[in-house]
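> File name final32.cif; file contents mmCIF, C-alpha atoms and all ligand atoms; full text below.
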```
data_input
#
loop_
_atom_site.group_PDB
_atom_site.id
_atom_site.type_symbol
_atom_site.label_atom_id
_atom_site.label_comp_id
_atom_site.auth_asym_id
_atom_site.auth_seq_id
_atom_site.Cartn_x
_atom_site.Cartn_y
_atom_site.Cartn_z
ATOM 1 C CA ARG A 1 29.315 7.721 -11.612
ATOM 2 C CA HIS A 2 31.411 10.490 -10.202
ATOM 3 C CA ALA A 3 29.219 13.363 -11.210
ATOM 4 C CA ASN A 4 26.323 13.353 -8.819
ATOM 5 C CA LYS A 5 27.849 15.359 -6.077
ATOM 6 C CA ILE A 6 25.971 18.309 -4.729
ATOM 7 C CA LYS A 7 27.465 20.974 -2.607
ATOM 8 C CA LEU A 8 24.339 22.713 -1.530
ATOM 9 C CA ASP A 9 25.642 23.108 1.992
ATOM 10 C CA SER A 10 27.574 26.159 1.064
ATOM 11 C CA VAL A 11 24.492 27.941 -0.183
ATOM 12 C CA LYS A 12 21.504 26.571 1.622
ATOM 13 C CA GLY A 13 22.241 28.383 4.827
ATOM 14 C CA GLU A 14 21.889 25.379 7.059
ATOM 15 C CA GLN A 15 25.424 25.288 8.257
ATOM 16 C CA GLY A 16 24.502 26.744 11.554
ATOM 17 C CA ARG A 17 21.817 28.771 13.158
ATOM 18 C CA ASP A 18 24.268 31.401 14.278
ATOM 19 C CA LYS A 19 25.370 32.199 10.783
ATOM 20 C CA ASP A 20 25.198 35.812 9.768
ATOM 21 C CA LYS A 21 21.582 36.890 9.663
ATOM 22 C CA ALA A 22 21.687 38.775 6.385
ATOM 23 C CA ASP A 23 23.472 35.876 4.802
ATOM 24 C CA ARG A 24 20.746 33.495 5.929
ATOM 25 C CA ALA A 25 18.080 35.819 4.673
ATOM 26 C CA THR A 26 19.412 35.836 1.149
ATOM 27 C CA SER A 27 20.274 32.185 0.873
ATOM 28 C CA GLU A 28 17.499 30.503 2.789
ATOM 29 C CA LEU A 29 14.867 32.596 1.140
ATOM 30 C CA VAL A 30 15.616 31.106 -2.205
ATOM 31 C CA LEU A 31 16.675 27.558 -1.569
ATOM 32 C CA ASP A 32 13.519 26.211 -0.064
ATOM 33 C CA GLN A 33 12.577 22.561 -0.288
ATOM 34 C CA ARG A 34 11.024 22.957 -3.709
ATOM 35 C CA THR A 35 14.096 24.653 -5.146
ATOM 36 C CA ARG A 36 16.431 22.025 -3.739
ATOM 37 C CA MET A 37 14.322 19.287 -5.296
ATOM 38 C CA ILE A 38 14.577 20.984 -8.677
ATOM 39 C CA LEU A 39 18.353 21.295 -8.329
ATOM 40 C CA LEU A 40 18.666 17.666 -7.278
ATOM 41 C CA LYS A 41 16.691 16.562 -10.307
ATOM 42 C CA MET A 42 18.913 18.644 -12.538
ATOM 43 C CA ILE A 43 21.913 16.935 -11.007
ATOM 44 C CA GLN A 44 20.361 13.531 -11.599
ATOM 45 C CA ARG A 45 19.698 14.427 -15.221
ATOM 46 C CA GLY A 46 23.232 15.585 -15.760
ATOM 47 C CA VAL A 47 22.459 19.246 -16.375
ATOM 48 C CA VAL A 48 24.863 20.262 -13.634
ATOM 49 C CA SER A 49 26.995 18.281 -11.204
ATOM 50 C CA GLU A 50 27.702 20.764 -8.449
ATOM 51 C CA VAL A 51 26.072 23.969 -7.345
ATOM 52 C CA HIS A 52 28.445 26.457 -5.789
ATOM 53 C CA GLY A 53 28.081 29.709 -3.942
ATOM 54 C CA ALA A 54 26.222 32.803 -5.049
ATOM 55 C CA ILE A 55 27.713 34.994 -7.763
ATOM 56 C CA SER A 56 25.092 37.583 -6.975
ATOM 57 C CA THR A 57 22.314 37.984 -4.452
ATOM 58 C CA GLY A 58 19.765 40.517 -5.598
ATOM 59 C CA LYS A 59 16.278 41.495 -4.680
ATOM 60 C CA GLU A 60 14.620 39.533 -7.460
ATOM 61 C CA ALA A 61 16.938 36.627 -7.927
ATOM 62 C CA ASN A 62 20.135 34.986 -6.817
ATOM 63 C CA VAL A 63 22.643 33.748 -9.344
ATOM 64 C CA TYR A 64 24.821 30.767 -8.456
ATOM 65 C CA GLY A 65 27.834 29.274 -10.093
ATOM 66 C CA ALA A 66 27.637 25.613 -11.039
ATOM 67 C CA VAL A 67 29.778 23.032 -12.735
ATOM 68 C CA LEU A 68 28.975 20.106 -14.992
ATOM 69 C CA GLU A 69 31.544 17.326 -15.015
ATOM 70 C CA PRO A 70 30.954 15.565 -18.329
ATOM 71 C CA GLU A 71 30.532 11.806 -17.959
ATOM 72 C CA ASP A 72 33.122 11.115 -20.602
ATOM 73 C CA GLY A 73 35.680 12.719 -18.338
ATOM 74 C CA GLY A 74 36.032 15.807 -20.515
ATOM 75 C CA ARG A 75 36.727 19.265 -19.190
ATOM 76 C CA PRO A 76 34.306 20.555 -16.575
ATOM 77 C CA ILE A 77 31.762 23.010 -17.983
ATOM 78 C CA GLN A 78 30.790 26.025 -15.945
ATOM 79 C CA ARG A 79 27.207 27.132 -15.698
ATOM 80 C CA ALA A 80 25.191 29.831 -14.033
ATOM 81 C CA ILE A 81 21.888 29.189 -12.294
ATOM 82 C CA LYS A 82 19.451 32.026 -11.728
ATOM 83 C CA ILE A 83 16.911 31.304 -9.042
ATOM 84 C CA TYR A 84 14.026 33.735 -8.817
ATOM 85 C CA LYS A 85 12.684 34.697 -5.449
ATOM 86 C CA THR A 86 9.083 34.307 -4.508
ATOM 87 C CA ALA A 87 8.967 37.059 -1.879
ATOM 88 C CA ILE A 88 6.073 39.461 -2.191
ATOM 89 C CA LEU A 89 7.921 42.768 -2.114
ATOM 90 C CA VAL A 90 9.505 42.305 -5.476
ATOM 91 C CA PHE A 91 6.343 41.979 -7.455
ATOM 92 C CA LYS A 92 4.748 45.382 -7.228
ATOM 93 C CA ASP A 93 7.451 46.778 -9.463
ATOM 94 C CA ARG A 94 6.889 44.248 -12.135
ATOM 95 C CA GLU A 95 3.251 44.843 -12.796
ATOM 96 C CA ARG A 96 3.929 47.434 -15.472
ATOM 97 C CA TYR A 97 5.935 44.999 -17.549
ATOM 98 C CA VAL A 98 3.363 42.255 -17.305
ATOM 99 C CA THR A 99 0.275 44.288 -18.060
ATOM 100 C CA GLY A 100 -0.087 44.439 -21.818
ATOM 101 C CA GLU A 101 2.374 41.617 -22.437
ATOM 102 C CA HIS A 102 0.410 39.174 -24.539
ATOM 103 C CA ARG A 103 2.931 36.434 -23.889
ATOM 104 C CA PHE A 104 1.809 36.322 -20.301
ATOM 105 C CA LYS A 105 -0.657 33.523 -20.294
ATOM 106 C CA LYS A 106 -4.237 34.144 -19.471
ATOM 107 C CA GLY A 107 -5.284 32.422 -16.342
ATOM 108 C CA VAL A 108 -2.089 33.215 -14.520
ATOM 109 C CA ASN A 109 -3.071 34.227 -11.084
ATOM 110 C CA LYS A 110 -1.398 37.577 -10.593
ATOM 111 C CA SER A 111 -1.914 37.378 -6.868
ATOM 112 C CA ASN A 112 -0.096 34.068 -6.747
ATOM 113 C CA ASN A 113 3.606 34.738 -6.344
ATOM 114 C CA ARG A 114 4.712 31.332 -7.398
ATOM 115 C CA ASP A 115 2.731 31.584 -10.611
ATOM 116 C CA MET A 116 4.153 35.016 -11.331
ATOM 117 C CA VAL A 117 7.709 34.075 -10.657
ATOM 118 C CA LYS A 118 7.432 31.078 -12.963
ATOM 119 C CA GLN A 119 6.162 33.386 -15.674
ATOM 120 C CA TRP A 120 9.139 35.716 -15.280
ATOM 121 C CA ALA A 121 11.591 32.890 -15.334
ATOM 122 C CA GLU A 122 9.933 31.559 -18.446
ATOM 123 C CA LYS A 123 9.987 34.978 -20.033
ATOM 124 C CA GLU A 124 13.684 35.369 -19.344
ATOM 125 C CA PHE A 125 14.319 31.926 -20.780
ATOM 126 C CA ARG A 126 12.404 32.657 -23.972
ATOM 127 C CA ASN A 127 13.957 36.088 -24.362
ATOM 128 C CA LEU A 128 17.442 34.639 -23.943
ATOM 129 C CA LYS A 129 16.636 32.098 -26.644
ATOM 130 C CA ARG A 130 15.629 34.884 -28.985
ATOM 131 C CA LEU A 131 18.783 36.860 -28.306
ATOM 132 C CA HIS A 132 20.915 33.805 -28.709
ATOM 133 C CA SER A 133 19.255 32.881 -32.018
ATOM 134 C CA ALA A 134 19.839 36.417 -33.220
ATOM 135 C CA ALA A 135 23.537 36.085 -32.344
ATOM 136 C CA ILE A 136 23.383 38.805 -29.720
ATOM 137 C CA ALA A 137 26.026 38.021 -27.108
ATOM 138 C CA CYS A 138 24.260 36.796 -23.989
ATOM 139 C CA PRO A 139 24.301 33.703 -21.769
ATOM 140 C CA GLU A 140 23.065 30.728 -23.764
ATOM 141 C CA PRO A 141 19.912 29.422 -22.092
ATOM 142 C CA ILE A 142 20.233 25.750 -21.198
ATOM 143 C CA MET A 143 17.315 24.641 -19.077
ATOM 144 C CA LEU A 144 14.316 26.032 -17.274
ATOM 145 C CA LYS A 145 12.393 24.303 -14.547
ATOM 146 C CA SER A 146 9.841 26.378 -12.711
ATOM 147 C CA HIS A 147 11.729 29.360 -11.239
ATOM 148 C CA VAL A 148 15.201 27.870 -11.793
ATOM 149 C CA LEU A 149 17.039 28.871 -14.969
ATOM 150 C CA VAL A 150 20.295 27.238 -16.030
ATOM 151 C CA MET A 151 22.433 29.141 -18.506
ATOM 152 C CA GLU A 152 25.914 29.476 -19.845
ATOM 153 C CA PHE A 153 28.379 30.951 -17.377
ATOM 154 C CA LEU A 154 29.918 34.185 -18.597
ATOM 155 C CA GLY A 155 33.289 34.216 -16.969
ATOM 156 C CA ASP A 156 36.847 33.028 -17.112
ATOM 157 C CA LYS A 157 38.239 29.541 -16.644
ATOM 158 C CA ARG A 158 39.043 30.157 -13.004
ATOM 159 C CA GLY A 159 35.365 30.660 -12.332
ATOM 160 C CA TYR A 160 35.302 34.440 -12.042
ATOM 161 C CA ALA A 161 32.250 35.982 -13.664
ATOM 162 C CA TYR A 162 32.902 38.765 -16.150
ATOM 163 C CA PRO A 163 32.451 42.188 -14.593
ATOM 164 C CA ARG A 164 29.418 44.325 -15.195
ATOM 165 C CA LEU A 165 30.111 47.127 -17.651
ATOM 166 C CA ARG A 166 29.909 49.457 -14.693
ATOM 167 C CA ASP A 167 32.873 47.735 -13.032
ATOM 168 C CA ALA A 168 34.857 46.936 -16.152
ATOM 169 C CA ASN A 169 38.477 47.920 -15.994
ATOM 170 C CA ILE A 170 39.104 49.400 -19.402
ATOM 171 C CA SER A 171 42.509 50.764 -20.243
ATOM 172 C CA GLU A 172 42.296 54.381 -21.360
ATOM 173 C CA GLU A 173 45.917 54.633 -22.370
ATOM 174 C CA GLY A 174 45.490 54.987 -26.123
ATOM 175 C CA THR A 175 44.700 58.211 -27.904
ATOM 176 C CA GLU A 176 41.111 57.270 -28.624
ATOM 177 C CA ASN A 177 38.525 56.885 -25.878
ATOM 178 C CA PRO A 178 37.940 53.092 -25.743
ATOM 179 C CA TRP A 179 34.410 53.649 -24.443
ATOM 180 C CA ARG A 180 33.410 55.071 -27.790
ATOM 181 C CA SER A 181 33.598 51.773 -29.653
ATOM 182 C CA LEU A 182 31.718 50.055 -26.822
ATOM 183 C CA TYR A 183 29.031 52.706 -27.158
ATOM 184 C CA VAL A 184 28.751 52.025 -30.878
ATOM 185 C CA GLN A 185 28.692 48.282 -30.195
ATOM 186 C CA LEU A 186 25.838 48.733 -27.742
ATOM 187 C CA LEU A 187 23.780 50.822 -30.159
ATOM 188 C CA GLY A 188 24.103 47.984 -32.638
ATOM 189 C CA ILE A 189 22.956 45.497 -30.023
ATOM 190 C CA MET A 190 19.935 47.638 -29.137
ATOM 191 C CA ARG A 191 18.969 47.921 -32.756
ATOM 192 C CA ARG A 192 19.337 44.197 -33.365
ATOM 193 C CA LEU A 193 17.361 43.464 -30.218
ATOM 194 C CA TYR A 194 14.569 45.642 -31.543
ATOM 195 C CA LYS A 195 14.687 44.712 -35.215
ATOM 196 C CA VAL A 196 15.561 41.028 -35.128
ATOM 197 C CA CYS A 197 14.199 39.947 -31.738
ATOM 198 C CA SER A 198 11.298 42.422 -31.639
ATOM 199 C CA LEU A 199 12.236 43.178 -28.061
ATOM 200 C CA VAL A 200 12.974 46.163 -25.869
ATOM 201 C CA HIS A 201 15.257 45.284 -22.974
ATOM 202 C CA ALA A 202 13.463 47.641 -20.573
ATOM 203 C CA ASP A 203 16.147 47.550 -17.883
ATOM 204 C CA LEU A 204 19.224 48.245 -19.937
ATOM 205 C CA SER A 205 22.098 49.921 -18.153
ATOM 206 C CA GLU A 206 25.734 49.380 -17.188
ATOM 207 C CA TYR A 207 24.394 47.004 -14.498
ATOM 208 C CA ASN A 208 22.832 44.544 -16.917
ATOM 209 C CA ILE A 209 25.680 44.293 -19.372
ATOM 210 C CA LEU A 210 28.743 42.162 -18.753
ATOM 211 C CA TYR A 211 32.080 42.989 -20.309
ATOM 212 C CA ASN A 212 35.017 40.921 -21.450
ATOM 213 C CA ASP A 213 37.710 41.551 -24.026
ATOM 214 C CA ASN A 214 35.918 44.293 -25.962
ATOM 215 C CA GLN A 215 32.699 42.292 -26.034
ATOM 216 C CA LEU A 216 29.439 43.325 -24.373
ATOM 217 C CA TYR A 217 27.000 40.659 -23.144
ATOM 218 C CA VAL A 218 23.354 41.430 -22.510
ATOM 219 C CA ILE A 219 21.868 39.845 -19.370
ATOM 220 C CA ASP A 220 18.767 40.120 -17.212
ATOM 221 C CA VAL A 221 15.996 40.042 -19.829
ATOM 222 C CA SER A 222 13.077 38.818 -17.726
ATOM 223 C CA GLN A 223 11.333 42.198 -17.978
ATOM 224 C CA SER A 224 12.039 42.705 -21.669
ATOM 225 C CA VAL A 225 8.901 43.317 -23.694
ATOM 226 C CA GLU A 226 7.706 42.812 -27.261
ATOM 227 C CA HIS A 227 7.965 45.985 -29.296
ATOM 228 C CA ASP A 228 4.181 46.096 -29.578
ATOM 229 C CA HIS A 229 3.795 46.205 -25.793
ATOM 230 C CA PRO A 230 1.799 49.371 -24.973
ATOM 231 C CA ARG A 231 4.759 50.828 -23.101
ATOM 232 C CA ALA A 232 7.565 49.432 -25.244
ATOM 233 C CA LEU A 233 8.615 52.776 -26.669
ATOM 234 C CA GLU A 234 8.550 54.392 -23.262
ATOM 235 C CA PHE A 235 10.860 51.636 -21.990
ATOM 236 C CA LEU A 236 13.063 52.062 -25.060
ATOM 237 C CA ARG A 237 13.447 55.784 -24.372
ATOM 238 C CA MET A 238 14.411 54.952 -20.810
ATOM 239 C CA ASP A 239 17.018 52.434 -22.010
ATOM 240 C CA ILE A 240 18.412 54.983 -24.446
ATOM 241 C CA LYS A 241 18.657 57.571 -21.712
ATOM 242 C CA ASN A 242 20.449 55.217 -19.292
ATOM 243 C CA VAL A 243 22.931 54.193 -21.923
ATOM 244 C CA GLY A 244 23.565 57.799 -22.996
ATOM 245 C CA ASP A 245 24.030 58.982 -19.406
ATOM 246 C CA PHE A 246 26.564 56.241 -18.715
ATOM 247 C CA PHE A 247 28.680 56.793 -21.809
ATOM 248 C CA ARG A 248 28.617 60.556 -21.401
ATOM 249 C CA ARG A 249 30.096 60.059 -17.948
ATOM 250 C CA LYS A 250 32.825 58.067 -19.686
ATOM 251 C CA GLY A 251 33.568 61.035 -21.893
ATOM 252 C CA VAL A 252 31.923 59.748 -25.041
ATOM 253 C CA ASP A 253 30.442 62.334 -27.375
ATOM 254 C CA THR A 254 27.041 60.654 -27.555
ATOM 255 C CA LEU A 255 24.307 61.138 -30.111
ATOM 256 C CA PRO A 256 21.026 62.820 -29.139
ATOM 257 C CA ASP A 257 18.472 60.381 -27.688
ATOM 258 C CA ARG A 258 16.089 61.244 -30.493
ATOM 259 C CA THR A 259 18.622 60.244 -33.149
ATOM 260 C CA ILE A 260 19.282 56.940 -31.420
ATOM 261 C CA PHE A 261 15.580 56.268 -31.100
ATOM 262 C CA ASP A 262 15.176 56.743 -34.849
ATOM 263 C CA PHE A 263 18.238 54.631 -35.566
ATOM 264 C CA ILE A 264 16.868 51.753 -33.505
ATOM 265 C CA THR A 265 13.285 51.873 -34.709
ATOM 266 C CA ALA A 266 13.632 53.068 -38.302
HETATM 267 P P1 LIG B 1 18.506 41.568 -8.990
HETATM 268 O O1 LIG B 1 17.830 42.609 -9.848
HETATM 269 O O2 LIG B 1 17.649 41.033 -7.963
HETATM 270 O O3 LIG B 1 19.884 41.996 -8.546
HETATM 271 P P2 LIG B 1 18.822 40.454 -11.382
HETATM 272 O O4 LIG B 1 17.482 40.112 -11.861
HETATM 273 O O5 LIG B 1 19.382 41.803 -11.695
HETATM 274 O O6 LIG B 1 18.810 40.298 -9.887
HETATM 275 P P3 LIG B 1 20.801 39.466 -13.155
HETATM 276 O O7 LIG B 1 21.079 40.878 -13.496
HETATM 277 O O8 LIG B 1 20.332 38.579 -14.241
HETATM 278 O O9 LIG B 1 19.823 39.332 -11.940
HETATM 279 O O10 LIG B 1 22.108 38.811 -12.550
HETATM 280 C C1 LIG B 1 22.687 39.364 -11.376
HETATM 281 C C2 LIG B 1 24.205 39.317 -11.494
HETATM 282 O O11 LIG B 1 24.645 37.967 -11.613
HETATM 283 C C3 LIG B 1 24.742 40.011 -12.718
HETATM 284 O O12 LIG B 1 25.002 41.374 -12.466
HETATM 285 C C4 LIG B 1 26.018 39.274 -13.012
HETATM 286 O O13 LIG B 1 27.064 39.810 -12.243
HETATM 287 C C5 LIG B 1 25.720 37.868 -12.525
HETATM 288 N N1 LIG B 1 25.316 36.994 -13.633
HETATM 289 C C6 LIG B 1 24.076 36.836 -14.140
HETATM 290 N N2 LIG B 1 24.052 35.946 -15.135
HETATM 291 C C7 LIG B 1 25.325 35.505 -15.275
HETATM 292 C C8 LIG B 1 25.961 34.553 -16.154
HETATM 293 N N3 LIG B 1 25.273 33.885 -17.071
HETATM 294 N N4 LIG B 1 27.288 34.361 -16.009
HETATM 295 C C9 LIG B 1 27.980 35.040 -15.074
HETATM 296 N N5 LIG B 1 27.453 35.930 -14.230
HETATM 297 C C10 LIG B 1 26.136 36.177 -14.319
HETATM 298 MN MN MN B 2 20.342 42.771 -13.090
#
```
Written as structure tokens, how would this file's structure read?
Ligand code: ATP
Ligand code: MN

Amino acid sequence: RHANKIKLDSVKGEQGRDKDKADRATSELVLDQRTRMILLKMIQRGVVSEVHGAISTGKEANVYGAVLEPEDGGRPIQRAIKIYKTAILVFKDRERYVTGEHRFKKGVNKSNNRDMVKQWAEKEFRNLKRLHSAAIACPEPIMLKSHVLVMEFLGDKRGYAYPRLRDANISEEGTENPWRSLYVQLLGIMRRLYKVCSLVHADLSEYNILYNDNQLYVIDVSQSVEHDHPRALEFLRMDIKNVGDFFRRKGVDTLPDRTIFDFITA
């Protein structure tokens, strides 16, 4: 068996005490003993073969690149692993998404971080499944274990993740503003998300959309809520506003928020 190699050294922050402090803070925080055990089990089960460095280190989660070397010697498959953090600071913000969300199990101890973080990871996993079933472009969810979520890697063959829409380098050479068709594409996605998945993203912006080759990919759906959540429509209005603001800055002649709201919910 050639596959069971783990390269956690590069991410676990144990390469030396004198390593950059900020670096240690982000990496060590997440890859505690429990997390490493989960990753090792995933390696043993052939979900991934190697875990590489961080694609992104955020306040709620870190996302790592990973590779699965198929046992039959086929082409390596790239994956992304999102590992949620269990630090306290993050959670205050999330209360408003959780309260009123009937999918949050009763009996979850809201003062227990580990419980909460597992719930968010699970919510993201389930939401991704819904999006994927509805053929909305997003990372295909592959496996969830506790606060560790394995999904399809959205990136090129060299291992570079697709840029966020915010950072996308879109040629504006033609006569028509290329952002316009992306705007229309996104409105369609929002409608489908609402109508087919019964979800409101609730943190939709140019930061949580990846771009490649005229295609938009929705990511980061752990806070997304059912459309009967008491604040769903408030979150939807916020999403609509963020999207409108962004595309207006790109010179798109956007529709009024009200019109979009009706288009999505009608
Ligand atoms: P935080 O809010 O703490 O920054 P987050 O919850 O926003 O974390 P995500 O938005 O899901 O986390 O992911 C963070 C970044 O990781 C994304 O902006 C994107 O660049 C990258 N990323 C996430 N998922 C994937 C994926 N499946 N493939 C490639 N890159 C990804
Ligand atoms: Mn995000």
> Could I get the residues of chain A with an atom no further than 8 Å from an atom of ligand LIG 1 (chain B), each paired with its nearest atom pair and that distance in Å to one decimal, using only C-alpha atoms and all ligand atoms, sorted by chain and residue number, as CSV?

```
residue,atom,partner,partner_atom,distance
A:Ile55,CA,B:LIG1,O11,5.8
A:Ser56,CA,B:LIG1,O11,4.7
A:Thr57,CA,B:LIG1,O3,6.2
A:Gly58,CA,B:LIG1,O2,3.2
A:Lys59,CA,B:LIG1,O2,3.6
A:Glu60,CA,B:LIG1,O2,3.4
A:Ala61,CA,B:LIG1,O2,4.5
A:Asn62,CA,B:LIG1,O6,6.3
A:Val63,CA,B:LIG1,O11,5.2
A:Tyr64,CA,B:LIG1,O11,7.9
A:Gly65,CA,B:LIG1,C9,7.6
A:Arg79,CA,B:LIG1,N3,7.2
A:Ala80,CA,B:LIG1,N3,5.1
A:Ile81,CA,B:LIG1,N3,7.5
A:Lys82,CA,B:LIG1,N2,6.9
A:Tyr84,CA,B:LIG1,O4,7.9
A:Cys138,CA,B:LIG1,N3,7.6
A:Pro139,CA,B:LIG1,N3,4.8
A:Glu140,CA,B:LIG1,N3,7.7
A:Met151,CA,B:LIG1,N3,5.7
A:Glu152,CA,B:LIG1,N3,5.2
A:Phe153,CA,B:LIG1,N4,3.8
A:Leu154,CA,B:LIG1,N4,3.7
A:Gly155,CA,B:LIG1,C9,5.7
A:Tyr160,CA,B:LIG1,C9,7.9
A:Ala161,CA,B:LIG1,C9,4.6
A:Tyr162,CA,B:LIG1,C9,6.3
A:Pro163,CA,B:LIG1,O13,6.3
A:Arg164,CA,B:LIG1,O13,5.9
A:Tyr207,CA,B:LIG1,O12,6.0
A:Asn208,CA,B:LIG1,O7,5.3
A:Ile209,CA,B:LIG1,O12,7.5
A:Leu210,CA,B:LIG1,C4,7.0
A:Ile219,CA,B:LIG1,O8,5.5
A:Asp220,CA,B:LIG1,O8,3.7
A:Val221,CA,B:LIG1,O8,7.2
A:Ser222,CA,B:LIG1,O4,7.4
```
> Measure the distance from atom CA of Glu69 of chain A to atom CA of Ala137 of chain A in Å and round it to one decimal.
24.6 Å
> I need the residue nearest Ile142 of chain A from this list: A:Leu40, A:Ala54, A:Val47, A:Met116. Use only C-alpha atoms for the distance.
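Residue with the minimum atom-to-atom distance to Ile142 of chain A: A:Val47.
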> Given all atoms listed in the file as the basis, pick out the residue of A:Ser198, A:Gln223, A:Gln78, A:Asn177 nearest to Asp156 of chain A.
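Ranked by minimum distance to Asp156 of chain A, first place goes to A:Gln78.
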> Could you tell me which of A:Val117, A:Ile264, A:Ile77, A:Leu186 comes closest to Gly46 of chain A if we count all atoms listed in the file?
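Closest to Gly46 of chain A of all the choices is A:Ile77.
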> Go through A:Met143, A:Leu193, A:Leu187, A:Ala202 and flag the residue nearest ligand MN 2 (chain B), using all atoms listed in the file for the distances.
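Once distances to ligand MN 2 (chain B) are computed over all atoms listed in the file, the minimum belongs to A:Ala202.
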> For ligand MN 2 (chain B), which of A:Val218, A:Val243, A:Leu255, A:Ala168 is the closest residue, counting all atoms listed in the file?
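Ranked by minimum distance to ligand MN 2 (chain B), first place goes to A:Val218.
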> Apply the PyMOL selection byres (((chain A and resi 97) around 9) and not hetatm) to the displayed file and report the matching residues as a list in words.
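Taken on the displayed file, the PyMOL selection byres (((chain A and resi 97) around 9) and not hetatm) yields the residues Asp93, Arg94, Glu95, Arg96, Val98, Thr99, Gly100, Glu101, Ala202, Gln223, Ser224, Val225, His229 and Arg231 of chain A.
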